[in-house]
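With compact mmCIF, C-alpha atoms and all ligand atoms inside, this is protein.txt:
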# COMPACT_ATOMS: atom_id res chain seq x y z
CA MET A 38 166.08 112.59 52.73
CA SER A 39 164.39 109.68 54.53
CA LEU A 40 164.79 106.10 53.38
CA TYR A 41 161.10 105.99 52.51
CA ALA A 42 161.34 109.13 50.34
CA ALA A 43 164.21 107.61 48.38
CA PHE A 44 161.97 104.72 47.27
CA LYS A 45 158.70 106.59 46.65
CA LYS A 46 157.93 107.19 42.98
CA PRO A 47 156.62 110.60 41.85
CA GLY A 48 152.89 110.95 41.11
CA PRO A 49 151.20 111.65 37.75
CA ASN A 50 152.35 115.30 37.63
CA GLY A 51 156.01 114.36 38.14
CA PHE A 52 156.11 115.58 41.76
CA GLY A 53 155.75 113.38 44.80
CA TYR A 54 156.69 112.50 48.35
CA ALA A 55 160.30 113.58 47.96
CA SER A 56 159.65 116.85 46.10
CA THR A 57 160.63 120.01 47.93
CA ALA A 58 158.94 123.40 47.94
CA GLU A 59 161.83 124.79 45.90
CA GLN A 60 161.47 122.01 43.31
CA VAL A 61 157.71 122.45 42.81
CA THR A 62 158.16 126.20 42.27
CA GLU A 63 161.32 126.00 40.19
CA GLY A 64 161.21 128.34 37.20
CA LEU A 65 158.10 130.19 38.44
CA ASP A 66 158.23 133.98 38.55
CA LEU A 67 155.80 135.12 41.23
CA THR A 68 156.71 138.78 40.93
CA GLY A 69 153.57 140.92 41.38
CA LYS A 70 151.65 138.13 43.11
CA THR A 71 150.46 138.29 46.69
CA TYR A 72 150.02 135.42 49.14
CA LEU A 73 148.42 135.63 52.57
CA LEU A 74 149.92 132.93 54.81
CA THR A 75 148.90 132.05 58.37
CA GLY A 76 151.37 130.43 60.79
CA CYS A 77 154.29 131.98 58.91
CA ASN A 78 156.79 131.80 61.77
CA SER A 79 157.36 128.08 62.23
CA GLY A 80 157.65 124.68 60.56
CA ILE A 81 156.28 124.32 57.06
CA GLY A 82 154.75 127.82 57.22
CA LEU A 83 158.18 129.41 57.57
CA GLU A 84 159.47 127.35 54.63
CA THR A 85 156.42 128.35 52.56
CA LEU A 86 157.18 132.00 53.36
CA ARG A 87 160.81 131.54 52.34
CA VAL A 88 160.12 129.77 49.06
CA LEU A 89 157.22 131.92 47.82
CA SER A 90 159.36 135.00 48.59
CA LEU A 91 162.39 133.44 46.88
CA ARG A 92 160.28 133.15 43.71
CA GLY A 93 159.39 136.84 43.88
CA GLY A 94 155.98 136.65 45.56
CA HIS A 95 154.87 139.23 48.13
CA VAL A 96 153.85 137.28 51.22
CA ILE A 97 151.54 138.83 53.78
CA ALA A 98 153.00 136.94 56.68
CA ALA A 99 150.51 136.36 59.50
CA ALA A 100 151.51 135.12 62.94
CA ARG A 101 149.98 135.33 66.41
CA SER A 102 151.73 138.68 66.83
CA GLU A 103 153.13 141.24 64.41
CA GLU A 104 156.52 140.87 66.06
CA LYS A 105 156.61 137.14 65.31
CA ALA A 106 155.62 137.84 61.71
CA LYS A 107 158.35 140.49 61.35
CA ASP A 108 160.93 138.10 62.85
CA ALA A 109 159.87 135.40 60.38
CA LEU A 110 160.29 137.76 57.42
CA ALA A 111 163.73 138.78 58.71
CA GLN A 112 164.74 135.17 59.32
CA VAL A 113 164.22 134.23 55.66
CA SER A 114 165.27 137.66 54.31
CA ALA A 115 161.87 138.22 52.71
CA GLU A 116 160.34 141.58 51.86
CA GLY A 117 156.71 140.84 52.61
CA SER A 118 154.21 142.50 54.94
CA ALA A 119 153.84 141.43 58.55
CA THR A 120 150.48 141.16 60.29
CA ALA A 121 149.12 139.75 63.52
CA CYS A 122 146.43 137.13 63.27
CA GLU A 123 145.58 135.17 66.40
CA LEU A 124 143.10 132.68 65.01
CA SER A 125 141.39 131.92 68.32
CA ASP A 126 140.49 135.60 68.71
CA SER A 127 137.89 137.01 66.31
CA GLY A 128 138.98 140.59 67.17
CA SER A 129 142.53 139.81 66.05
CA ILE A 130 141.24 138.21 62.84
CA ARG A 131 139.11 141.28 62.13
CA ARG A 132 142.13 143.56 62.62
CA CYS A 133 144.15 141.30 60.31
CA VAL A 134 141.41 141.56 57.66
CA GLU A 135 141.50 145.37 57.94
CA ALA A 136 145.30 145.39 57.68
CA VAL A 137 145.18 143.18 54.57
CA ARG A 138 142.55 145.44 53.00
CA ARG A 139 144.73 148.50 53.63
CA LEU A 140 147.50 146.89 51.55
CA ASP A 141 145.11 147.08 48.60
CA ARG A 142 146.49 144.07 46.74
CA PRO A 143 144.44 141.32 45.10
CA LEU A 144 145.24 138.02 46.80
CA ASN A 145 146.57 135.31 44.51
CA ALA A 146 146.26 132.80 47.31
CA ILE A 147 145.27 132.54 50.94
CA ILE A 148 147.20 129.72 52.58
CA CYS A 149 145.52 128.53 55.78
CA ASN A 150 148.54 126.87 57.30
CA ALA A 151 148.47 127.64 61.04
CA GLY A 152 147.41 124.85 63.34
CA ILE A 153 147.59 123.26 66.76
CA MET A 154 147.51 119.55 67.53
CA ALA A 155 146.38 117.18 70.24
CA LEU A 156 146.56 119.54 73.18
CA PRO A 157 144.74 119.11 76.49
CA ARG A 158 141.14 120.30 76.37
CA ALA A 159 140.87 124.07 76.50
CA GLU A 160 137.62 125.97 77.02
CA THR A 161 137.07 129.07 74.92
CA LYS A 162 134.61 131.95 75.17
CA SER A 163 133.25 130.99 71.76
CA GLY A 164 131.67 127.83 73.08
CA CYS A 165 133.83 125.56 70.97
CA GLU A 166 136.93 123.58 71.74
CA LEU A 167 140.27 125.24 70.95
CA GLN A 168 141.47 123.00 68.09
CA PHE A 169 138.18 123.40 66.21
CA LEU A 170 138.21 127.15 66.88
CA THR A 171 141.83 127.72 65.78
CA ASN A 172 142.22 125.24 62.96
CA HIS A 173 138.78 125.58 61.39
CA VAL A 174 136.61 128.49 62.64
CA GLY A 175 139.43 131.07 62.68
CA HIS A 176 140.38 130.25 59.09
CA PHE A 177 136.72 130.24 58.04
CA ILE A 178 136.30 133.78 59.41
CA LEU A 179 139.52 134.99 57.79
CA VAL A 180 138.85 133.53 54.34
CA THR A 181 135.18 134.46 54.08
CA ALA A 182 135.98 138.04 55.18
CA LEU A 183 138.60 138.35 52.45
CA GLN A 184 136.88 136.41 49.68
CA ASP A 185 136.14 139.58 47.68
CA LEU A 186 139.86 140.37 47.62
CA LEU A 187 140.76 137.08 45.91
CA ALA A 188 142.19 137.61 42.44
CA GLU A 189 139.98 136.40 39.60
CA ASP A 190 142.07 133.21 39.50
CA GLY A 191 142.80 133.34 43.25
CA ARG A 192 143.27 130.19 45.28
CA VAL A 193 142.48 129.11 48.81
CA VAL A 194 144.78 126.42 50.18
CA VAL A 195 143.74 124.78 53.44
CA VAL A 196 146.33 122.69 55.28
CA SER A 197 144.58 119.65 56.70
CA SER A 198 146.09 116.31 57.70
CA ASP A 199 145.77 112.60 57.13
CA ALA A 200 144.78 112.65 60.81
CA HIS A 201 141.32 113.79 59.62
CA ARG A 202 140.67 110.03 59.60
CA ARG A 203 140.77 110.13 63.42
CA ALA A 204 137.63 112.29 63.59
CA PRO A 205 134.65 110.81 65.49
CA ALA A 206 132.49 108.28 63.61
CA GLU A 207 129.80 110.90 62.96
CA GLY A 208 132.40 113.32 61.58
CA ILE A 209 131.65 116.59 63.34
CA ARG A 210 130.06 116.57 66.80
CA PHE A 211 127.68 119.46 66.12
CA ASP A 212 125.85 118.85 69.40
CA ASP A 213 129.04 119.21 71.47
CA LEU A 214 131.46 121.59 69.76
CA ALA A 215 132.74 122.57 73.20
CA ALA A 216 133.70 118.91 73.76
CA ALA A 217 132.17 119.20 77.21
CA LYS A 218 130.84 115.63 77.23
CA ASP A 219 133.86 113.86 75.91
CA TYR A 220 137.29 115.09 74.80
CA SER A 221 140.00 113.24 72.96
CA PRO A 222 143.09 115.29 71.96
CA TRP A 223 143.60 113.28 68.77
CA GLY A 224 139.92 112.74 68.00
CA HIS A 225 139.29 116.47 68.20
CA TYR A 226 142.42 117.26 66.19
CA GLY A 227 141.00 114.84 63.60
CA GLN A 228 137.62 116.59 63.74
CA SER A 229 139.24 119.98 63.10
CA LYS A 230 141.27 118.60 60.19
CA LEU A 231 138.16 116.95 58.72
CA ALA A 232 136.51 120.37 58.98
CA ASN A 233 139.45 121.84 56.99
CA ILE A 234 138.76 119.46 54.09
CA LEU A 235 134.98 119.96 54.18
CA PHE A 236 135.49 123.75 54.26
CA ALA A 237 137.73 123.72 51.17
CA ARG A 238 135.33 121.39 49.37
CA GLN A 239 132.30 123.57 50.08
CA LEU A 240 134.21 126.79 49.37
CA ALA A 241 135.19 125.44 45.95
CA ARG A 242 131.49 125.28 45.06
CA ARG A 243 130.94 128.88 46.17
CA LEU A 244 133.90 130.57 44.50
CA ASP A 245 133.66 132.49 41.26
CA GLY A 246 134.88 131.46 37.82
CA LYS A 247 138.53 130.51 37.83
CA GLN A 248 139.02 130.72 41.60
CA THR A 249 139.87 127.45 43.35
CA ALA A 250 139.98 125.93 46.83
CA HIS A 251 141.89 122.82 47.85
CA SER A 252 142.91 121.06 51.04
CA LEU A 253 146.01 118.96 51.65
CA HIS A 254 147.99 116.63 53.84
CA PRO A 255 151.59 117.90 53.95
CA GLY A 256 153.12 114.61 55.11
CA VAL A 257 154.55 113.82 58.53
CA ILE A 258 157.25 116.28 59.46
CA LYS A 259 159.09 117.02 62.71
CA THR A 260 158.04 120.57 63.62
CA ASN A 261 156.82 122.40 66.72
CA LEU A 262 153.38 120.91 66.10
CA GLY A 263 154.31 117.97 68.32
CA ARG A 264 154.81 120.18 71.39
CA HIS A 265 151.88 118.55 73.22
CA MET A 266 152.90 114.97 72.45
CA ASN A 267 154.24 113.03 75.43
CA ARG A 268 158.00 112.55 75.75
CA LEU A 269 157.96 108.84 74.92
CA ALA A 270 156.00 109.48 71.71
CA VAL A 271 158.44 112.25 70.77
CA ALA A 272 161.43 109.94 71.42
CA VAL A 273 159.95 107.11 69.33
CA PHE A 274 158.97 109.58 66.61
CA GLY A 275 162.52 110.97 66.55
CA ALA A 276 164.11 107.51 66.50
CA VAL A 277 162.13 106.11 63.58
CA GLY A 278 161.77 109.50 61.93
CA THR A 279 164.84 109.18 59.79
CA LEU A 280 163.15 106.26 58.02
CA PHE A 281 159.89 107.88 56.98
CA LEU A 282 159.56 111.54 57.99
CA LYS A 283 159.51 114.29 55.40
CA THR A 284 161.96 117.13 55.76
CA ILE A 285 160.49 120.61 56.25
CA ALA A 286 161.42 121.40 52.64
CA GLN A 287 159.39 118.38 51.48
CA GLY A 288 156.56 119.13 53.93
CA ALA A 289 156.00 122.59 52.46
CA ALA A 290 155.93 121.33 48.87
CA THR A 291 152.24 120.44 48.50
CA GLN A 292 150.97 123.81 49.76
CA CYS A 293 153.49 125.71 47.61
CA TYR A 294 152.43 123.63 44.60
CA LEU A 295 148.75 124.38 45.25
CA ALA A 296 149.36 128.07 45.90
CA ALA A 297 151.60 128.77 42.94
CA HIS A 298 151.96 126.06 40.30
CA PRO A 299 149.94 126.74 37.11
CA ASP A 300 148.84 123.07 36.87
CA ALA A 301 147.10 123.26 40.24
CA ALA A 302 144.49 125.59 38.71
CA ALA A 303 143.07 122.70 36.67
CA THR A 304 141.03 121.31 39.58
CA SER A 305 139.11 122.64 42.56
CA GLY A 306 137.70 121.16 45.75
CA GLU A 307 140.22 118.32 45.81
CA TYR A 308 142.36 116.93 48.62
CA PHE A 309 146.08 116.65 47.82
CA ALA A 310 148.97 114.70 49.31
CA ASP A 311 152.51 114.52 47.96
CA CYS A 312 151.59 117.28 45.44
CA ASN A 313 148.98 115.09 43.74
CA VAL A 314 145.24 114.51 44.09
CA ALA A 315 144.52 111.97 46.82
CA THR A 316 141.40 110.39 48.29
CA PRO A 317 140.37 111.52 51.77
CA SER A 318 137.99 109.59 54.04
CA GLU A 319 134.37 108.99 53.07
CA LEU A 320 133.24 111.61 55.61
CA ALA A 321 135.54 114.15 53.98
CA ARG A 322 133.73 113.57 50.67
CA ASP A 323 130.24 114.02 52.17
CA ASP A 324 128.80 117.18 50.61
CA GLN A 325 125.78 117.23 52.93
CA LEU A 326 128.13 117.24 55.90
CA ALA A 327 130.19 119.99 54.25
CA GLU A 328 127.07 122.08 53.72
CA LYS A 329 125.91 121.60 57.30
CA LEU A 330 129.38 122.51 58.60
CA TRP A 331 129.31 125.68 56.51
CA ARG A 332 125.91 126.73 57.91
CA VAL A 333 126.88 125.98 61.51
CA THR A 334 130.26 127.72 61.21
CA GLU A 335 128.68 130.75 59.55
CA LYS A 336 126.29 131.13 62.51
CA LEU A 337 129.09 130.58 65.01
CA ALA A 338 131.31 133.10 63.23
CA ALA A 339 128.51 135.69 63.22
CA ARG A 340 127.96 135.16 66.94
CA ILE A 341 131.61 135.52 67.96
CA SER A 342 132.76 138.15 65.46
N1 LIG A 401 154.03 118.55 61.01
C1 LIG A 401 153.27 117.57 60.57
O1 LIG A 401 153.65 116.38 60.58
C2 LIG A 401 151.90 117.84 60.03
C3 LIG A 401 151.14 116.78 59.55
C4 LIG A 401 149.87 117.03 59.05
C5 LIG A 401 149.38 118.32 59.04
N2 LIG A 401 150.13 119.34 59.53
C6 LIG A 401 149.55 120.69 59.51
O2 LIG A 401 150.49 121.60 59.00
C7 LIG A 401 150.23 122.91 59.50
C8 LIG A 401 151.52 123.58 59.93
O3 LIG A 401 152.04 122.88 61.03
P1 LIG A 401 153.59 122.71 61.36
O4 LIG A 401 153.86 121.26 61.35
O5 LIG A 401 154.42 123.61 60.55
O6 LIG A 401 153.57 123.14 62.91
P2 LIG A 401 154.25 124.34 63.73
O7 LIG A 401 155.70 124.37 63.48
O8 LIG A 401 153.78 124.15 65.13
O9 LIG A 401 153.57 125.63 63.10
C9 LIG A 401 152.22 125.95 63.38
C10 LIG A 401 152.01 127.43 63.14
O10 LIG A 401 150.65 127.75 63.49
C11 LIG A 401 150.68 128.88 64.36
N3 LIG A 401 149.53 128.92 65.25
C12 LIG A 401 149.19 128.05 66.21
N4 LIG A 401 148.09 128.47 66.86
C13 LIG A 401 147.73 129.65 66.31
C14 LIG A 401 146.71 130.60 66.56
N5 LIG A 401 145.82 130.44 67.55
N6 LIG A 401 146.64 131.69 65.78
C15 LIG A 401 147.54 131.90 64.80
N7 LIG A 401 148.56 131.06 64.52
C16 LIG A 401 148.65 129.94 65.27
C17 LIG A 401 151.97 128.70 65.15
O11 LIG A 401 152.30 129.92 65.80
P3 LIG A 401 153.22 129.89 67.15
O12 LIG A 401 154.58 129.44 66.72
O13 LIG A 401 153.16 131.29 67.63
O14 LIG A 401 152.58 128.91 68.09
C18 LIG A 401 152.91 128.32 64.02
O15 LIG A 401 153.29 129.44 63.28
C19 LIG A 401 149.18 122.74 60.60
O16 LIG A 401 147.91 123.12 60.11
C20 LIG A 401 149.20 121.25 60.87
O17 LIG A 401 147.97 120.77 61.36
C21 LIG A 401 151.39 119.14 60.00

Could you quickly redo this structure as structure tokens?
Ligand SMILES: NC(=O)c1ccc[n+]([C@@H]2O[C@H](COP(=O)([O-])OP(=O)(O)OC[C@H]3O[C@@H](n4cnc5c(N)ncnc54)[C@H](OP(=O)(O)O)[C@@H]3O)[C@@H](O)[C@H]2O)c1
Amino acid sequence: MSLYAAFKKPGPNGFGYASTAEQVTEGLDLTGKTYLLTGCNSGIGLETLRVLSLRGGHVIAAARSEEKAKDALAQVSAEGSATACELSDSGSIRRCVEAVRRLDRPLNAIICNAGIMALPRAETKSGCELQFLTNHVGHFILVTALQDLLAEDGRVVVVSSDAHRRAPAEGIRFDDLAAAKDYSPWGHYGQSKLANILFARQLARRLDGKQTAHSLHPGVIKTNLGRHMNRLAVAVFGAVGTLFLKTIAQGAATQCYLAAHPDAAATSGEYFADCNVATPSELARDDQLAEKLWRVTEKLAARIS
């Protein structure tokens, strides 16, 4: 545990910065419940797969390839289902949706965990920049295509980041989603993570009855996400990391709490950090922006699907 975690007090629900995924699910019996999880093969996704399975849940483990998903299940000795879901490829998402439908199980939660961060600009056929496409649009297509399969108290959990605060001043650059005019690896990561929060917020208003949608910041954790950071940044990060970084077990806690803990059903449309409700940026609370993002993404999704 980091020095910082040792001093942080738990939040109102008794969980906090130092809580692990095992602790927030302790005593829960998830037998008979089904969780669809993207990015199951690495970092906090792999830990989420392990812990939800440990509690008896059936995890539909999605990775860029079926082989990676199968390997992940084997690595944590879980008996879930493996499926390919390459989020930057609408054809792959469609095939994933069909595979999930064939399993014929109501979904207790969809956990949109997969993500990429701060990479060099990459053009895509879709006309939008790769971080926006993978982190936001891919998950939008997946979730909206499976919405009817959500259990009556089903949950959608969207993994965002505190880095949503690094989004451009206007929030989402609707007039340049390809980032052709100007590209900033961190600014566009921030934009995609802002989109994650706005998506969950808007989805919460559209879901039925007891269904919920939340977004979250998992904390800062050393995972493969930093693969595009420069070497100096990685070295500094590693050196000071022992003071403030979360462990992977702690990093997976907030999404496991939101996916499985009964108390998390009491709210919807909120942003969580350290397993408790937190306040995101002003832009992330802008419902007009959330509505516009929904409309634009819906059109984009229809065009590329
Ligand atoms: N680590 C942190 O400090 C931190 C902080 C804030 C937010 N987050 C968020 O937490 C989430 C999980 O990240 P992590 O830290 O666990 O990173 P990670 O170890 O790099 O895991 C990311 C996962 O996403 C998958 N992925 C990437 N691109 C994909 C695509 N196009 N289609 C399908 N899957 C794809 C990766 O698959 P491959 O292994 O095949 O590439 C991997 O399974 C991300 O959404 C990230 O933005 C992390």

request  = Collect all residues with atoms no farther than 7 Å from ligand LIG 401 (chain A), counting only C-alpha atoms and all ligand atoms, and output them as a VMD selection string.
outcome  = chain A and resid 75 to 82 100 to 101 122 to 125 150 to 154 171 to 172 196 to 200 254 to 263

**Request:** Work out how far atom CA of Leu74 of chain A is from atom CA of Ala303 of chain A, in Å to one decimal.
**Result:**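 Straight-line distance from atom CA of Ala303 of chain A to atom CA of Leu74 of chain A works out to 21.9 Å.
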
Report, as lines of an AutoDock Vina configuration file, the axis-aligned box around all atoms of segment 177-188 of chain A present in the file, extended by 3 Å on each side; give centre and edge lengths in Å to one decimal place.
center_x = 138.7
center_y = 135.3
center_z = 50.9
size_x = 13.0
size_y = 16.1
size_z = 23.0

task = Might you pull out every residue within 10 Å of segment 280-288 of chain A, with only C-alpha atoms counted and same-chain residues fewer than 4 positions away left off, and present them as a PyMOL selection string?
result = chain A and resi 38-43+53-61+80-85+88+254-260+274-276+292-293+310-312

Output C-alpha atoms of each residue in that selection to a file, as a tab-separated table (two decimals), in the coordinates of the input.
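Writing the result to result_14.tsv gives the following:
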chain	number	residue	atom	x	y	z
A	38	MET	CA	166.08	112.59	52.73
A	39	SER	CA	164.39	109.68	54.53
A	40	LEU	CA	164.79	106.10	53.38
A	41	TYR	CA	161.10	105.99	52.51
A	42	ALA	CA	161.34	109.13	50.34
A	43	ALA	CA	164.21	107.61	48.38
A	53	GLY	CA	155.75	113.38	44.80
A	54	TYR	CA	156.69	112.50	48.35
A	55	ALA	CA	160.30	113.58	47.96
A	56	SER	CA	159.65	116.85	46.10
A	57	THR	CA	160.63	120.01	47.93
A	58	ALA	CA	158.94	123.40	47.94
A	59	GLU	CA	161.83	124.79	45.90
A	60	GLN	CA	161.47	122.01	43.31
A	61	VAL	CA	157.71	122.45	42.81
A	80	GLY	CA	157.65	124.68	60.56
A	81	ILE	CA	156.28	124.32	57.06
A	82	GLY	CA	154.75	127.82	57.22
A	83	LEU	CA	158.18	129.41	57.57
A	84	GLU	CA	159.47	127.35	54.63
A	85	THR	CA	156.42	128.35	52.56
A	88	VAL	CA	160.12	129.77	49.06
A	254	HIS	CA	147.99	116.63	53.84
A	255	PRO	CA	151.59	117.90	53.95
A	256	GLY	CA	153.12	114.61	55.11
A	257	VAL	CA	154.55	113.82	58.53
A	258	ILE	CA	157.25	116.28	59.46
A	259	LYS	CA	159.09	117.02	62.71
A	260	THR	CA	158.04	120.57	63.62
A	274	PHE	CA	158.97	109.58	66.61
A	275	GLY	CA	162.52	110.97	66.55
A	276	ALA	CA	164.11	107.51	66.50
A	292	GLN	CA	150.97	123.81	49.76
A	293	CYS	CA	153.49	125.71	47.61
A	310	ALA	CA	148.97	114.70	49.31
A	311	ASP	CA	152.51	114.52	47.96
A	312	CYS	CA	151.59	117.28	45.44

Notebook entry, point to check: Within 12 Å of Asp245 of chain A, counting all atoms listed in the file, which residues qualify if same-chain residues fewer than 5 places away don't, as a VMD selection string?
Noted result: chain A and resid 184 to 192 240 250 305

Generate a file of the selected residues that holds C-alpha atoms, formatted as a short mmCIF file (atom, residue, chain, number, x, y, z; two decimals), in the frame of the given file.
data_model
loop_
_atom_site.label_atom_id
_atom_site.label_comp_id
_atom_site.auth_asym_id
_atom_site.auth_seq_id
_atom_site.Cartn_x
_atom_site.Cartn_y
_atom_site.Cartn_z
CA GLN A 184 136.88 136.41 49.68
CA ASP A 185 136.14 139.58 47.68
CA LEU A 186 139.86 140.37 47.62
CA LEU A 187 140.76 137.08 45.91
CA ALA A 188 142.19 137.61 42.44
CA GLU A 189 139.98 136.40 39.60
CA ASP A 190 142.07 133.21 39.50
CA GLY A 191 142.80 133.34 43.25
CA ARG A 192 143.27 130.19 45.28
CA LEU A 240 134.21 126.79 49.37
CA ALA A 250 139.98 125.93 46.83
CA SER A 305 139.11 122.64 42.56
#

Atom CA of Arg131 of chain A to atom CA of Leu183 of chain A measures 10.1 Å

Discussion item. Taking 2 positions as the minimum chain separation for residues in the same chain, which residues sit within 10 Å of Val137 of chain A when counting all atoms listed in the file? Answer as a ChimeraX atom specification.
Written reply: /A:73,97,99,118-120,131-135,139-144,183,186

What lies within 10 Å of Arg158 of chain A using all atoms listed in the file, ignoring chain neighbours under 5 positions off, as an NGL selection string? :A and (166-168 or 215-217 or 219-222 or 225)

Point-to-point distance from atom CA of Gln112 of chain A to atom CA of Leu89 of chain A, Å rounded to tenths: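 Atom CA of Leu89 of chain A lies at a distance of 14.1 Å from atom CA of Gln112 of chain A.
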
Residue with the minimum atom-to-atom distance to Ala206 of chain A, picked from A:Gln248, A:Gln228, A:Val96, A:Ala327 with all atoms listed in the file counted, is A:Gln228

| message | Which residue is closest to Thr62 of chain A? Choose from A:Arg87, A:Arg210, A:His201, A:Arg322 and count all atoms listed in the file. | response |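 Checking each candidate against Thr62 of chain A, we get A:Arg87 as the closest.
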
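Distances here use only C-alpha atoms; by that measure, the residue among A:Glu116, A:Asp212, A:Glu328, A:Glu104 closest to Arg242 of chain A is A:Glu328.
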
- Item | Option closest in space to Leu214 of chain A, from A:Ala98, A:Val174, A:Ala182, A:Ala289 [counting all atoms listed in the file] |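 Looking only at the distances to Leu214 of chain A, the closest residue turns out to be A:Val174.
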
With distances taken over all atoms listed in the file, the candidate from A:Pro299, A:Gly224, A:Gly246, A:Gly208 nearest Ala321 of chain A is A:Gly208

Residue with the minimum atom-to-atom distance to Arg243 of chain A, picked from A:Lys218, A:Gly306, A:Glu103, A:Tyr294 with all atoms listed in the file counted, is A:Gly306

Kindly provide, as a PyMOL selection string, the polymer residues lying within 6 Å of (140.7, 128.2, 51.6), counting all atoms listed in the file and using the coordinates exactly as they appear in the file.
chain A and resi 193-195+237+250

Subject >> Neighbour list for Lys70 of chain A as a list in words, cut-off 8 Å, all atoms listed in the file, skip fewer than 5 positions in-chain >> reply: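 Skipping anything fewer than 5 positions along the chain leaves Gly93, Gly94, His95, Leu144 and Asn145 of chain A.
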